[in-house]
Each structure stands twice: as structure tokens, then as C-alpha cells.
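Asks: Submitted below is the structure of interest, expressed as C-alpha cells.
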Amino acid sequence: MDQNKDQAAALNPVRLTFSSKFQFKCHPGVSCFTECCRGTQIILTPYDVIRLKTRLDLPSDQFLAIYTEPHILEKTDLPVVTLKHLDDGKESCPFVREDGCILYEDRPTACRYYPLGVASLQHKEGADDDGFFFFVNEPHCKGFDEKCQWTVADWRKDQGVDLRDEVNAEWTDLVVHKKSFPPNIKLTPKAKEMFFLVSYNIDEFRRFVFDSTFLQRMPVDEKAREELKTDDVALLKFGVQWLKSILFKPKDPVTGQDIALAEEPK
Ligand code: SF4
Ligand code: SF4
């Protein structure tokens with residue numbers, strides 16, 4: 001089908017909207033089954049890490065040490081993590097087996113979107129800031145030959161990315177906001193450390209909130225405090241709001257110190 005050839009062959013991302021249509025189906029009968037789980041760099045969102053570390057019953061720092069590797073998003077200079085490949089010569093995802101993904105119900109957002117990509121979370125310089133979608137277009141993917149019609153909106157719903165995007169929305173907004181900074185403005189190492197802590201190491205962030213003077217500087221009512229002690233999603237949302245209050249202001253609103261932004265030496 002011409003449309004499919006165009007989709008598969010296109011080298012430049014085609015901007016897709018929620019109403020864009022495509023033909024695609026992925027199932028264990030395709031000849032390429034699990035090929036997309038090898039040699040692919042999967043950036044994890046904060047909610048992905050919460051779901052995965054909970055599924056694996058690991059504290060966030062152990063999950064990060066065992067299953068992820070750190071990167072800096074080129075366009076934002078922000079730290080992110082990707083799933084660490086196995087050392088098996090195929091760069092396989094640690095969770096892929098012959099019969100598919102062993103934690104399919106908790107698979108990351110990028111795996112759910114596939115074969116679509118989300119521009120706002122692209123690792124590479126040159127990806128746009130807007131949250132548009134595009135076809136990942138990997139030649140091994142035979143799913144475009146399957147006769148099943150979708151709109152981007154239907155695909156997102158079917159794959160459960162609506163929930164993930166809702167939880168990650170404020171964090172994504174933070175990342176996109178950072179992209180709009182002039183290139184000579186950089187976050188300080190301390191600010192990047194805090195971004196990473198909130199975004200990925202949620203159990204350690206909880207210790208930071210409850211075992212330091214944090215709550216003396218950021219008053220939180222008793223009910224919310226109790227929630228933050230046990231609810232990772234609530235803590236993530238709280239942390240992202242806190243990050244927003246410090247990262248894009250030259251001074252900490254409480255201490256008045258410059259903690260977040262630094263001008264690059266000219
Ligand atoms: S997490 Fe699951 S779906 Fe995603 S790449 Fe790994 S095996 Fe594949
Ligand atoms: S490469 Fe495409 S069709 Fe094949 S398993 Fe992955 S998503 Fe499905």
C-alpha cells in the first residue's frame with residue numbers, strides 16, 4: 001500500500017496530530033516480533049520508573065543502578081535515564097524474552113507509543129519542542145503491513161499512554177520549558193542533581209523531604225504530608241511543582257540564594 005510505503009520509507013519525521021490515521025498491528029505472529037526491543041534507546045519518564053521499580057519490588061536507587069544508564073538530553077542539558085541494554089551482542093532490553101515483554105502491563109511509555117515517537121522527549125538535537133508525534137520508522141518493523149486502522153488518539157488510548165501522559169504532564173512541561181532557555185543559560189550542577197532526584201530517584205527524594213529541613217522551608221499540611229509518605233505519584237507531582245518553583249527563578253524563593261541558574265562563562 002502506497003501509504004504504508006511512504007510511512008516506512010520516510011526519512012524525515014512526519015508531524016502527526018491526534019487525528020492522523022495509520023495502519024498498524026503488532027502481535028506475536030509478526031516475523032519481527034520483539035525486534036523493536038533490541039538496539040533501541042528507551043528514555044524513561046518519572047512515572048515509568050515508579051511503575052517499573054514497584055513491579056520489580058526494588059527501591060528506586062537500586063532499580064536505577066541495575067536497569068538504567070544516565071544521559072544528558074542534548075537540547076536541554078537535563079539528566080535522563082534510558083533502559084540499560086543487556087551485554088548480549090544484540091543490545092537487548094533486559095525485560096525481553098522470546099515470547100515478549102515480561103512486564104508488559106508496566107512497560108515504559110516509549111514502548112507503548114511505538115511505532116510512534118513523541119517529539120518533546122527526543123534525545124537528539126533537532127527534535128522540536130512541541131508535543132507532536134511521528135512514526136519511528138524502523139525498517140525491521142512489519143506492523144505497518146497489518147491491516148488495522150488507528151488514529152493517533154485511538155492508539156494512545158489503546159496503549160494506556162493517556163494515564164502516563166497525565167502523570168508526566170507537569171514534568172514534560174518542565175523539560176520543554178527548559179528547551180526554550182537561551183543556550184548560554186545552564187542549570188547549576190546542584191539544580192541538575194535535584195531534577196534527577198525528583199524525576200527518577202523518588203524513594204531518595206522522599207528521604208530528602210522527610211529527613212532534612214525541607215518541610216520547614218516548604219510547609220505542607222498534615223494530610224498532604226501523610227500522602228507524600230506513601231504515594232509515589234503524589235510525591236512526584238509535589239516534587240515537580242517544587243522544581244518549577246526553583247529551577248526557573250534566579251533565586252530560591254525561601255533562602256534568596258542563587259541555586260538554580262548559572263550563566264556560562266563567556
Ligand atoms: S520494556 Fe518490554 S516492551 Fe519495552 S523494550 Fe523492554 S521488553 Fe520491549
Ligand atoms: S518491530 Fe513493530 S511489528 Fe515487530 S514486534 Fe516491534 S512493534 Fe511489533
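In the C-alpha cells, each chain is lettered A, B, ... as it comes, each chain's residues begin at 1, and ligands are numbered from 1 in order of appearance.
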List all protein, DNA and RNA residues that have an atom no more than 9 Å from any atom of ligand 2, counting only C-alpha atoms and all ligand atoms, and report them as an NGL selection string.

Replies: :A and (24-37 or 100 or 111 or 114-115 or 138-146)

Asks: Could you please extract the residues within 10 Å of ligand 1, counting only C-alpha atoms and all ligand atoms, and hand them back as a JSON list (two decimals) with N, CA and C atoms, in the first residue's frame?

Replies:
[["chain", "number", "residue", "atom", "x", "y", "z"],
["A", 33, "PHE", "N", 8.75, -10.09, 15.56],
["A", 33, "PHE", "CA", 8.33, -10.00, 16.96],
["A", 33, "PHE", "C", 9.52, -9.82, 17.92],
["A", 34, "THR", "N", 9.46, -8.82, 18.74],
["A", 34, "THR", "CA", 10.46, -8.38, 19.76],
["A", 34, "THR", "C", 11.71, -7.70, 19.17],
["A", 35, "GLU", "N", 11.77, -7.56, 17.84],
["A", 35, "GLU", "CA", 12.97, -6.90, 17.29],
["A", 35, "GLU", "C", 13.10, -5.46, 17.78],
["A", 36, "CYS", "N", 11.95, -4.81, 18.01],
["A", 36, "CYS", "CA", 12.00, -3.42, 18.48],
["A", 36, "CYS", "C", 12.46, -3.33, 19.93],
["A", 37, "CYS", "N", 12.59, -4.46, 20.60],
["A", 37, "CYS", "CA", 13.06, -4.47, 22.00],
["A", 37, "CYS", "C", 14.57, -4.69, 22.05],
["A", 38, "ARG", "N", 15.21, -4.62, 20.89],
["A", 38, "ARG", "CA", 16.67, -4.79, 20.84],
["A", 38, "ARG", "C", 17.25, -3.61, 20.06],
["A", 39, "GLY", "N", 18.34, -3.06, 20.57],
["A", 39, "GLY", "CA", 19.02, -1.98, 19.87],
["A", 39, "GLY", "C", 18.28, -0.66, 19.89],
["A", 40, "THR", "N", 17.31, -0.52, 20.78],
["A", 40, "THR", "CA", 16.54, 0.73, 20.84],
["A", 40, "THR", "C", 16.84, 1.45, 22.15],
["A", 41, "GLN", "N", 17.03, 2.76, 22.05],
["A", 41, "GLN", "CA", 17.27, 3.52, 23.26],
["A", 41, "GLN", "C", 15.94, 4.01, 23.82],
["A", 42, "ILE", "N", 15.60, 3.55, 25.00],
["A", 42, "ILE", "CA", 14.30, 3.88, 25.58],
["A", 42, "ILE", "C", 14.47, 4.83, 26.75],
["A", 44, "LEU", "N", 13.29, 6.76, 29.84],
["A", 44, "LEU", "CA", 12.24, 6.53, 30.83],
["A", 44, "LEU", "C", 11.71, 7.85, 31.37],
["A", 48, "ASP", "N", 7.34, 6.00, 34.49],
["A", 48, "ASP", "CA", 7.87, 4.69, 34.08],
["A", 48, "ASP", "C", 8.69, 4.08, 35.20],
["A", 52, "LEU", "N", 7.99, 0.62, 37.13],
["A", 52, "LEU", "CA", 8.94, -0.48, 36.99],
["A", 52, "LEU", "C", 9.55, -0.89, 38.34],
["A", 83, "LEU", "N", 16.79, 2.69, 29.54],
["A", 83, "LEU", "CA", 16.94, 1.30, 29.97],
["A", 83, "LEU", "C", 18.31, 0.80, 29.51],
["A", 84, "LYS", "N", 19.01, 0.14, 30.41],
["A", 84, "LYS", "CA", 20.35, -0.39, 30.10],
["A", 84, "LYS", "C", 20.21, -1.64, 29.24],
["A", 85, "HIS", "N", 20.97, -1.71, 28.16],
["A", 85, "HIS", "CA", 20.91, -2.91, 27.31],
["A", 85, "HIS", "C", 21.65, -4.06, 27.95],
["A", 92, "SER", "N", 19.89, -6.03, 23.74],
["A", 92, "SER", "CA", 18.51, -6.33, 24.10],
["A", 92, "SER", "C", 18.09, -5.60, 25.37],
["A", 93, "CYS", "N", 16.82, -5.27, 25.42],
["A", 93, "CYS", "CA", 16.22, -4.75, 26.64],
["A", 93, "CYS", "C", 16.29, -5.86, 27.71],
["A", 94, "PRO", "N", 16.56, -5.53, 28.95],
["A", 94, "PRO", "CA", 16.66, -6.59, 29.98],
["A", 94, "PRO", "C", 15.36, -7.33, 30.22],
["A", 95, "PHE", "N", 14.26, -6.81, 29.72],
["A", 95, "PHE", "CA", 12.96, -7.42, 30.02],
["A", 95, "PHE", "C", 12.36, -8.19, 28.84],
["A", 96, "VAL", "N", 13.11, -8.31, 27.75],
["A", 96, "VAL", "CA", 12.55, -9.02, 26.60],
["A", 96, "VAL", "C", 12.93, -10.51, 26.65],
["A", 97, "ARG", "N", 11.95, -11.34, 26.30],
["A", 97, "ARG", "CA", 12.17, -12.79, 26.19],
["A", 97, "ARG", "C", 11.61, -13.21, 24.84],
["A", 98, "GLU", "N", 11.84, -14.48, 24.49],
["A", 98, "GLU", "CA", 11.36, -14.99, 23.19],
["A", 98, "GLU", "C", 9.87, -14.70, 22.97],
["A", 99, "ASP", "N", 9.10, -14.85, 24.06],
["A", 99, "ASP", "CA", 7.65, -14.67, 23.92],
["A", 99, "ASP", "C", 7.19, -13.27, 24.31],
["A", 100, "GLY", "N", 8.09, -12.31, 24.34],
["A", 100, "GLY", "CA", 7.68, -10.93, 24.54],
["A", 100, "GLY", "C", 8.22, -10.31, 25.82],
["A", 101, "CYS", "N", 7.54, -9.26, 26.24],
["A", 101, "CYS", "CA", 7.99, -8.45, 27.38],
["A", 101, "CYS", "C", 7.49, -9.07, 28.69],
["A", 102, "ILE", "N", 8.40, -9.28, 29.64],
["A", 102, "ILE", "CA", 7.99, -9.94, 30.89],
["A", 102, "ILE", "C", 7.23, -8.99, 31.82],
["A", 103, "LEU", "N", 7.26, -7.71, 31.55],
["A", 103, "LEU", "CA", 6.47, -6.79, 32.40],
["A", 103, "LEU", "C", 5.60, -5.90, 31.52],
["A", 104, "TYR", "N", 4.96, -6.56, 30.58],
["A", 104, "TYR", "CA", 4.18, -5.85, 29.56],
["A", 104, "TYR", "C", 3.20, -4.83, 30.15],
["A", 105, "GLU", "N", 2.51, -5.22, 31.25],
["A", 105, "GLU", "CA", 1.50, -4.31, 31.84],
["A", 105, "GLU", "C", 2.15, -3.05, 32.40],
["A", 106, "ASP", "N", 3.43, -3.11, 32.70],
["A", 106, "ASP", "CA", 4.14, -1.96, 33.26],
["A", 106, "ASP", "C", 5.21, -1.44, 32.30],
["A", 107, "ARG", "N", 5.10, -1.77, 31.03],
["A", 107, "ARG", "CA", 6.13, -1.35, 30.07],
["A", 107, "ARG", "C", 6.16, 0.18, 29.99],
["A", 108, "PRO", "N", 7.35, 0.72, 29.65],
["A", 108, "PRO", "CA", 7.51, 2.18, 29.64],
["A", 108, "PRO", "C", 6.64, 2.88, 28.58],
["A", 109, "THR", "N", 6.53, 4.17, 28.77],
["A", 109, "THR", "CA", 5.72, 5.00, 27.87],
["A", 109, "THR", "C", 6.19, 4.89, 26.43],
["A", 110, "ALA", "N", 7.51, 4.93, 26.21],
["A", 110, "ALA", "CA", 8.03, 4.89, 24.84],
["A", 110, "ALA", "C", 7.65, 3.58, 24.15],
["A", 111, "CYS", "N", 7.62, 2.47, 24.91],
["A", 111, "CYS", "CA", 7.24, 1.17, 24.34],
["A", 111, "CYS", "C", 5.75, 1.18, 23.97],
["A", 112, "ARG", "N", 4.97, 1.89, 24.74],
["A", 112, "ARG", "CA", 3.53, 1.96, 24.47],
["A", 112, "ARG", "C", 3.27, 2.80, 23.22],
["A", 114, "TYR", "N", 5.26, 3.27, 20.70],
["A", 114, "TYR", "CA", 5.83, 2.66, 19.50],
["A", 114, "TYR", "C", 4.73, 2.02, 18.63]]

Asks: Quick one: residues within 10 Å of A:Leu236, only C-alpha atoms counted, chain neighbours fewer than 6 positions away excluded, as a list in words?

Replies: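 Contacts, with the query itself left out: Pro46, Tyr47, Ile50, Val167, Asn168, Glu170, Trp171, Leu197, Val198, Ser199, Tyr200, Asn201, Ile202, Phe205, Arg206, Leu228 and Trp242 of chain A.
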
Asks: Put those residues in a file: all heavy atoms, as a compact mmCIF listing (two decimals), in the first residue's frame.

Replies:
# COMPACT_ATOMS: atom_id res chain seq x y z
N PRO A 46 9.50 9.76 34.56
CA PRO A 46 9.41 9.50 36.00
C PRO A 46 8.36 8.44 36.34
O PRO A 46 8.60 7.57 37.19
CB PRO A 46 9.01 10.87 36.57
CG PRO A 46 9.59 11.84 35.60
CD PRO A 46 9.45 11.20 34.25
N TYR A 47 7.22 8.49 35.69
CA TYR A 47 6.18 7.51 36.03
C TYR A 47 6.60 6.11 35.58
O TYR A 47 6.26 5.12 36.24
CB TYR A 47 4.85 7.92 35.39
CG TYR A 47 3.69 7.04 35.84
CD1 TYR A 47 3.41 6.86 37.18
CD2 TYR A 47 2.87 6.40 34.91
CE1 TYR A 47 2.36 6.06 37.60
CE2 TYR A 47 1.81 5.60 35.31
CZ TYR A 47 1.57 5.43 36.67
OH TYR A 47 0.52 4.63 37.08
N ILE A 50 8.60 4.75 38.40
CA ILE A 50 7.74 4.37 39.54
C ILE A 50 7.07 3.02 39.26
O ILE A 50 7.05 2.13 40.11
CB ILE A 50 6.70 5.48 39.80
CG1 ILE A 50 7.39 6.70 40.42
CG2 ILE A 50 5.58 4.97 40.73
CD1 ILE A 50 6.50 7.91 40.59
N VAL A 167 0.12 11.81 34.23
CA VAL A 167 1.01 11.84 35.40
C VAL A 167 2.30 12.60 35.08
O VAL A 167 2.82 13.35 35.90
CB VAL A 167 1.34 10.40 35.88
CG1 VAL A 167 2.37 10.43 37.01
CG2 VAL A 167 0.07 9.69 36.35
N ASN A 168 2.81 12.42 33.86
CA ASN A 168 4.08 13.05 33.48
C ASN A 168 3.93 14.46 32.94
O ASN A 168 4.93 15.11 32.61
CB ASN A 168 4.77 12.21 32.40
CG ASN A 168 5.33 10.91 32.95
OD1 ASN A 168 5.91 10.87 34.03
ND2 ASN A 168 5.15 9.83 32.19
N GLU A 170 3.27 17.58 33.95
CA GLU A 170 3.99 18.74 34.51
C GLU A 170 5.50 18.57 34.33
O GLU A 170 6.23 19.53 34.13
CB GLU A 170 3.65 18.90 36.00
CG GLU A 170 2.20 19.27 36.25
CD GLU A 170 1.92 20.72 35.87
OE1 GLU A 170 2.77 21.57 36.15
OE2 GLU A 170 0.86 20.98 35.28
N TRP A 171 5.96 17.33 34.43
CA TRP A 171 7.40 17.05 34.24
C TRP A 171 7.79 17.33 32.78
O TRP A 171 8.82 17.96 32.51
CB TRP A 171 7.69 15.59 34.62
CG TRP A 171 9.12 15.18 34.45
CD1 TRP A 171 10.14 15.40 35.33
CD2 TRP A 171 9.69 14.49 33.34
NE1 TRP A 171 11.31 14.87 34.84
CE2 TRP A 171 11.07 14.31 33.61
CE3 TRP A 171 9.18 13.99 32.14
CZ2 TRP A 171 11.93 13.65 32.74
CZ3 TRP A 171 10.04 13.35 31.26
CH2 TRP A 171 11.40 13.18 31.56
N LEU A 197 16.90 13.76 41.14
CA LEU A 197 16.37 13.18 42.37
C LEU A 197 14.84 13.08 42.30
O LEU A 197 14.25 12.03 42.54
CB LEU A 197 16.79 14.04 43.56
CG LEU A 197 16.48 13.53 44.95
CD1 LEU A 197 17.32 12.31 45.29
CD2 LEU A 197 16.73 14.64 45.99
N VAL A 198 14.21 14.19 41.96
CA VAL A 198 12.74 14.22 41.89
C VAL A 198 12.25 13.32 40.75
O VAL A 198 11.31 12.55 40.90
CB VAL A 198 12.23 15.66 41.68
CG1 VAL A 198 10.72 15.65 41.43
CG2 VAL A 198 12.58 16.53 42.88
N SER A 199 12.91 13.44 39.60
CA SER A 199 12.42 12.76 38.40
C SER A 199 12.54 11.25 38.49
O SER A 199 11.65 10.53 38.02
CB SER A 199 13.20 13.23 37.17
OG SER A 199 13.10 14.62 37.01
N TYR A 200 13.63 10.77 39.08
CA TYR A 200 13.91 9.34 38.96
C TYR A 200 14.12 8.62 40.28
O TYR A 200 13.77 7.45 40.39
CB TYR A 200 15.13 9.13 38.07
CG TYR A 200 14.87 9.54 36.64
CD1 TYR A 200 15.60 10.57 36.03
CD2 TYR A 200 13.87 8.92 35.90
CE1 TYR A 200 15.34 10.95 34.72
CE2 TYR A 200 13.60 9.30 34.60
CZ TYR A 200 14.34 10.31 34.01
OH TYR A 200 14.06 10.68 32.73
N ASN A 201 14.74 9.29 41.24
CA ASN A 201 15.07 8.57 42.48
C ASN A 201 14.06 8.95 43.57
O ASN A 201 14.39 9.58 44.58
CB ASN A 201 16.51 8.92 42.90
CG ASN A 201 17.09 7.88 43.83
OD1 ASN A 201 16.36 7.02 44.33
ND2 ASN A 201 18.38 7.96 44.08
N ILE A 202 12.83 8.53 43.36
CA ILE A 202 11.71 9.03 44.16
C ILE A 202 11.82 8.61 45.63
O ILE A 202 11.45 9.38 46.53
CB ILE A 202 10.37 8.58 43.53
CG1 ILE A 202 9.20 9.42 44.08
CG2 ILE A 202 10.12 7.10 43.71
CD1 ILE A 202 9.09 10.78 43.51
N PHE A 205 14.26 10.92 47.16
CA PHE A 205 13.63 12.24 47.30
C PHE A 205 12.73 12.26 48.54
O PHE A 205 12.70 13.25 49.28
CB PHE A 205 12.83 12.60 46.04
CG PHE A 205 12.14 13.93 46.14
CD1 PHE A 205 12.83 15.10 46.46
CD2 PHE A 205 10.77 14.04 45.90
CE1 PHE A 205 12.19 16.32 46.56
CE2 PHE A 205 10.11 15.26 46.00
CZ PHE A 205 10.82 16.40 46.33
N ARG A 206 12.04 11.14 48.80
CA ARG A 206 11.19 11.07 50.00
C ARG A 206 12.04 11.24 51.27
O ARG A 206 11.67 11.96 52.18
CB ARG A 206 10.43 9.74 50.01
CG ARG A 206 9.50 9.61 51.21
CD ARG A 206 8.63 8.39 51.13
NE ARG A 206 7.53 8.54 50.20
CZ ARG A 206 7.38 7.86 49.05
NH1 ARG A 206 8.26 6.94 48.71
NH2 ARG A 206 6.35 8.07 48.26
N LEU A 228 2.27 12.06 51.00
CA LEU A 228 3.61 12.06 50.42
C LEU A 228 4.49 10.94 51.00
O LEU A 228 5.44 10.51 50.36
CB LEU A 228 4.30 13.41 50.65
CG LEU A 228 3.64 14.63 50.00
CD1 LEU A 228 4.43 15.89 50.30
CD2 LEU A 228 3.51 14.45 48.48
N TRP A 242 7.69 21.76 43.04
CA TRP A 242 8.80 22.39 43.77
C TRP A 242 9.94 22.74 42.79
O TRP A 242 10.49 23.85 42.83
CB TRP A 242 9.30 21.44 44.87
CG TRP A 242 10.55 21.91 45.53
CD1 TRP A 242 10.69 23.04 46.30
CD2 TRP A 242 11.84 21.31 45.45
NE1 TRP A 242 12.01 23.16 46.71
CE2 TRP A 242 12.72 22.11 46.22
CE3 TRP A 242 12.34 20.17 44.83
CZ2 TRP A 242 14.08 21.80 46.35
CZ3 TRP A 242 13.69 19.85 44.98
CH2 TRP A 242 14.54 20.67 45.73

Asks: Could you check which of A:Pro189, A:Pro59, A:Pro70, A:Gly160 is closest to A:Leu247, using only C-alpha atoms?

Replies: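 For A:Leu247, the nearest of the candidates is A:Pro189.
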
Asks: Using DSSP on the backbone, list every residue of stretch 11-217 of chain A that comes out as helix (DSSP H, G or I), and give them as a count of residues only.

Replies: 87

Asks: Nearest to A:Glu204 among A:Leu235, A:Val136, A:Leu174, A:Val80, with distances taken over only C-alpha atoms: which residue is it?

Replies: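 When distances to A:Glu204 are compared using only C-alpha atoms, the smallest one comes from A:Leu235.
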
Asks: Would you please give, as a list in words, all residues of stretch 82-148 of chain A that DSSP assigns to strand (DSSP E) based on the backbone?

Replies: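 Here is the list: Thr82, Leu83, Val96, Arg97, Gly100, Cys101, Leu116, Gly117, Val118, Phe133, Phe134 and Phe135 of chain A.
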
Asks: Residues as selected, N, CA and C atoms, written as an mmCIF file, in the first residue's frame, can you do that?

Replies:
data_model
loop_
_atom_site.group_PDB
_atom_site.id
_atom_site.type_symbol
_atom_site.label_atom_id
_atom_site.label_comp_id
_atom_site.auth_asym_id
_atom_site.auth_seq_id
_atom_site.Cartn_x
_atom_site.Cartn_y
_atom_site.Cartn_z
ATOM 1 N N THR A 82 17.969 5.971 30.475
ATOM 2 C CA THR A 82 17.427 5.029 29.499
ATOM 3 C C THR A 82 17.564 3.622 30.086
ATOM 4 N N LEU A 83 16.787 2.695 29.542
ATOM 5 C CA LEU A 83 16.942 1.302 29.966
ATOM 6 C C LEU A 83 18.307 0.801 29.508
ATOM 7 N N VAL A 96 13.110 -8.313 27.753
ATOM 8 C CA VAL A 96 12.554 -9.023 26.597
ATOM 9 C C VAL A 96 12.931 -10.506 26.645
ATOM 10 N N ARG A 97 11.951 -11.344 26.299
ATOM 11 C CA ARG A 97 12.168 -12.792 26.186
ATOM 12 C C ARG A 97 11.609 -13.209 24.838
ATOM 13 N N GLY A 100 8.094 -12.313 24.344
ATOM 14 C CA GLY A 100 7.684 -10.929 24.542
ATOM 15 C C GLY A 100 8.217 -10.307 25.820
ATOM 16 N N CYS A 101 7.545 -9.260 26.243
ATOM 17 C CA CYS A 101 7.985 -8.446 27.381
ATOM 18 C C CYS A 101 7.490 -9.070 28.688
ATOM 19 N N LEU A 116 4.996 5.018 17.289
ATOM 20 C CA LEU A 116 5.004 6.479 17.280
ATOM 21 C C LEU A 116 6.092 6.965 18.233
ATOM 22 N N GLY A 117 6.626 8.130 17.925
ATOM 23 C CA GLY A 117 7.546 8.797 18.833
ATOM 24 C C GLY A 117 6.940 10.127 19.243
ATOM 25 N N VAL A 118 7.369 10.627 20.400
ATOM 26 C CA VAL A 118 6.881 11.923 20.889
ATOM 27 C C VAL A 118 8.033 12.914 20.823
ATOM 28 N N PHE A 133 3.655 14.098 17.317
ATOM 29 C CA PHE A 133 4.026 12.687 17.198
ATOM 30 C C PHE A 133 4.576 12.433 15.794
ATOM 31 N N PHE A 134 5.336 11.349 15.671
ATOM 32 C CA PHE A 134 5.858 10.974 14.360
ATOM 33 C C PHE A 134 6.040 9.467 14.327
ATOM 34 N N PHE A 135 6.212 8.911 13.130
ATOM 35 C CA PHE A 135 6.490 7.476 13.017
ATOM 36 C C PHE A 135 7.966 7.230 13.292
#

Asks: Could you tell me how far atom CA of A:Thr151 sits from atom CA of A:Phe22, in Å to one decimal place?

Replies: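 Interatomic distance here is 6.3 Å.
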
Asks: Go ahead and compute the interatomic distance for atom CA of A:Arg51 and atom CA of A:Glu166, in Å to one decimal.

Replies: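 These atoms are spaced 14.3 Å apart.
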
Asks: Residues within 12 Å of A:Ala224, please, as a list in words. Count only C-alpha atoms; anything in the same chain fewer than 4 positions from it doesn't count.

Replies: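 Counting only the stated atoms, we get Leu215, Pro219, Val220, Leu228, Lys229, Thr230, Asp231, Ala234, Leu235, Lys237 and Phe238 of chain A.
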
Asks: What does the distance between atom CA of A:His71 and atom CA of A:Phe196 come to in Å, to one decimal place?

Replies: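 Atom CA of A:His71 sits 10.8 Å away from atom CA of A:Phe196.
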
Asks: Choose the residue, out of A:Lys223, A:Gln241, A:Leu86, A:Thr54, that has the smallest atom-to-atom separation from A:Ile66; count only C-alpha atoms.

Replies: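 The answer is A:Leu86, which sits nearest to A:Ile66.
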
Asks: Do you know which residues are at most 7 Å from A:Trp150 counting only C-alpha atoms, after dropping those on the same chain fewer than 3 positions away, and could you put them as a PDB file with N, CA, C and O atoms, in the first residue's frame?

Replies:
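Writing done, so here's part_11.pdb:
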ATOM      1  N   LYS A  21      -4.187   9.378  10.771  1.00  0.00           N
ATOM      2  CA  LYS A  21      -4.538   7.953  10.660  1.00  0.00           C
ATOM      3  C   LYS A  21      -3.328   7.124  10.229  1.00  0.00           C
ATOM      4  O   LYS A  21      -2.469   7.616   9.494  1.00  0.00           O
ATOM      5  N   PHE A  22      -3.293   5.889  10.687  1.00  0.00           N
ATOM      6  CA  PHE A  22      -2.258   4.973  10.212  1.00  0.00           C
ATOM      7  C   PHE A  22      -2.749   3.542  10.341  1.00  0.00           C
ATOM      8  O   PHE A  22      -3.713   3.253  11.062  1.00  0.00           O
ATOM      9  N   GLN A  23      -2.087   2.666   9.597  1.00  0.00           N
ATOM     10  CA  GLN A  23      -2.423   1.241   9.620  1.00  0.00           C
ATOM     11  C   GLN A  23      -1.301   0.502  10.330  1.00  0.00           C
ATOM     12  O   GLN A  23      -0.130   0.618   9.949  1.00  0.00           O
ATOM     13  N   ASP A 154      -6.712   7.180  19.124  1.00  0.00           N
ATOM     14  CA  ASP A 154      -7.160   5.827  19.471  1.00  0.00           C
ATOM     15  C   ASP A 154      -5.987   4.956  19.933  1.00  0.00           C
ATOM     16  O   ASP A 154      -6.112   4.160  20.861  1.00  0.00           O
ATOM     17  N   TRP A 155      -4.861   5.098  19.251  1.00  0.00           N
ATOM     18  CA  TRP A 155      -3.675   4.314  19.606  1.00  0.00           C
ATOM     19  C   TRP A 155      -3.218   4.643  21.030  1.00  0.00           C
ATOM     20  O   TRP A 155      -2.924   3.759  21.839  1.00  0.00           O
TER      21      TRP A 155
END
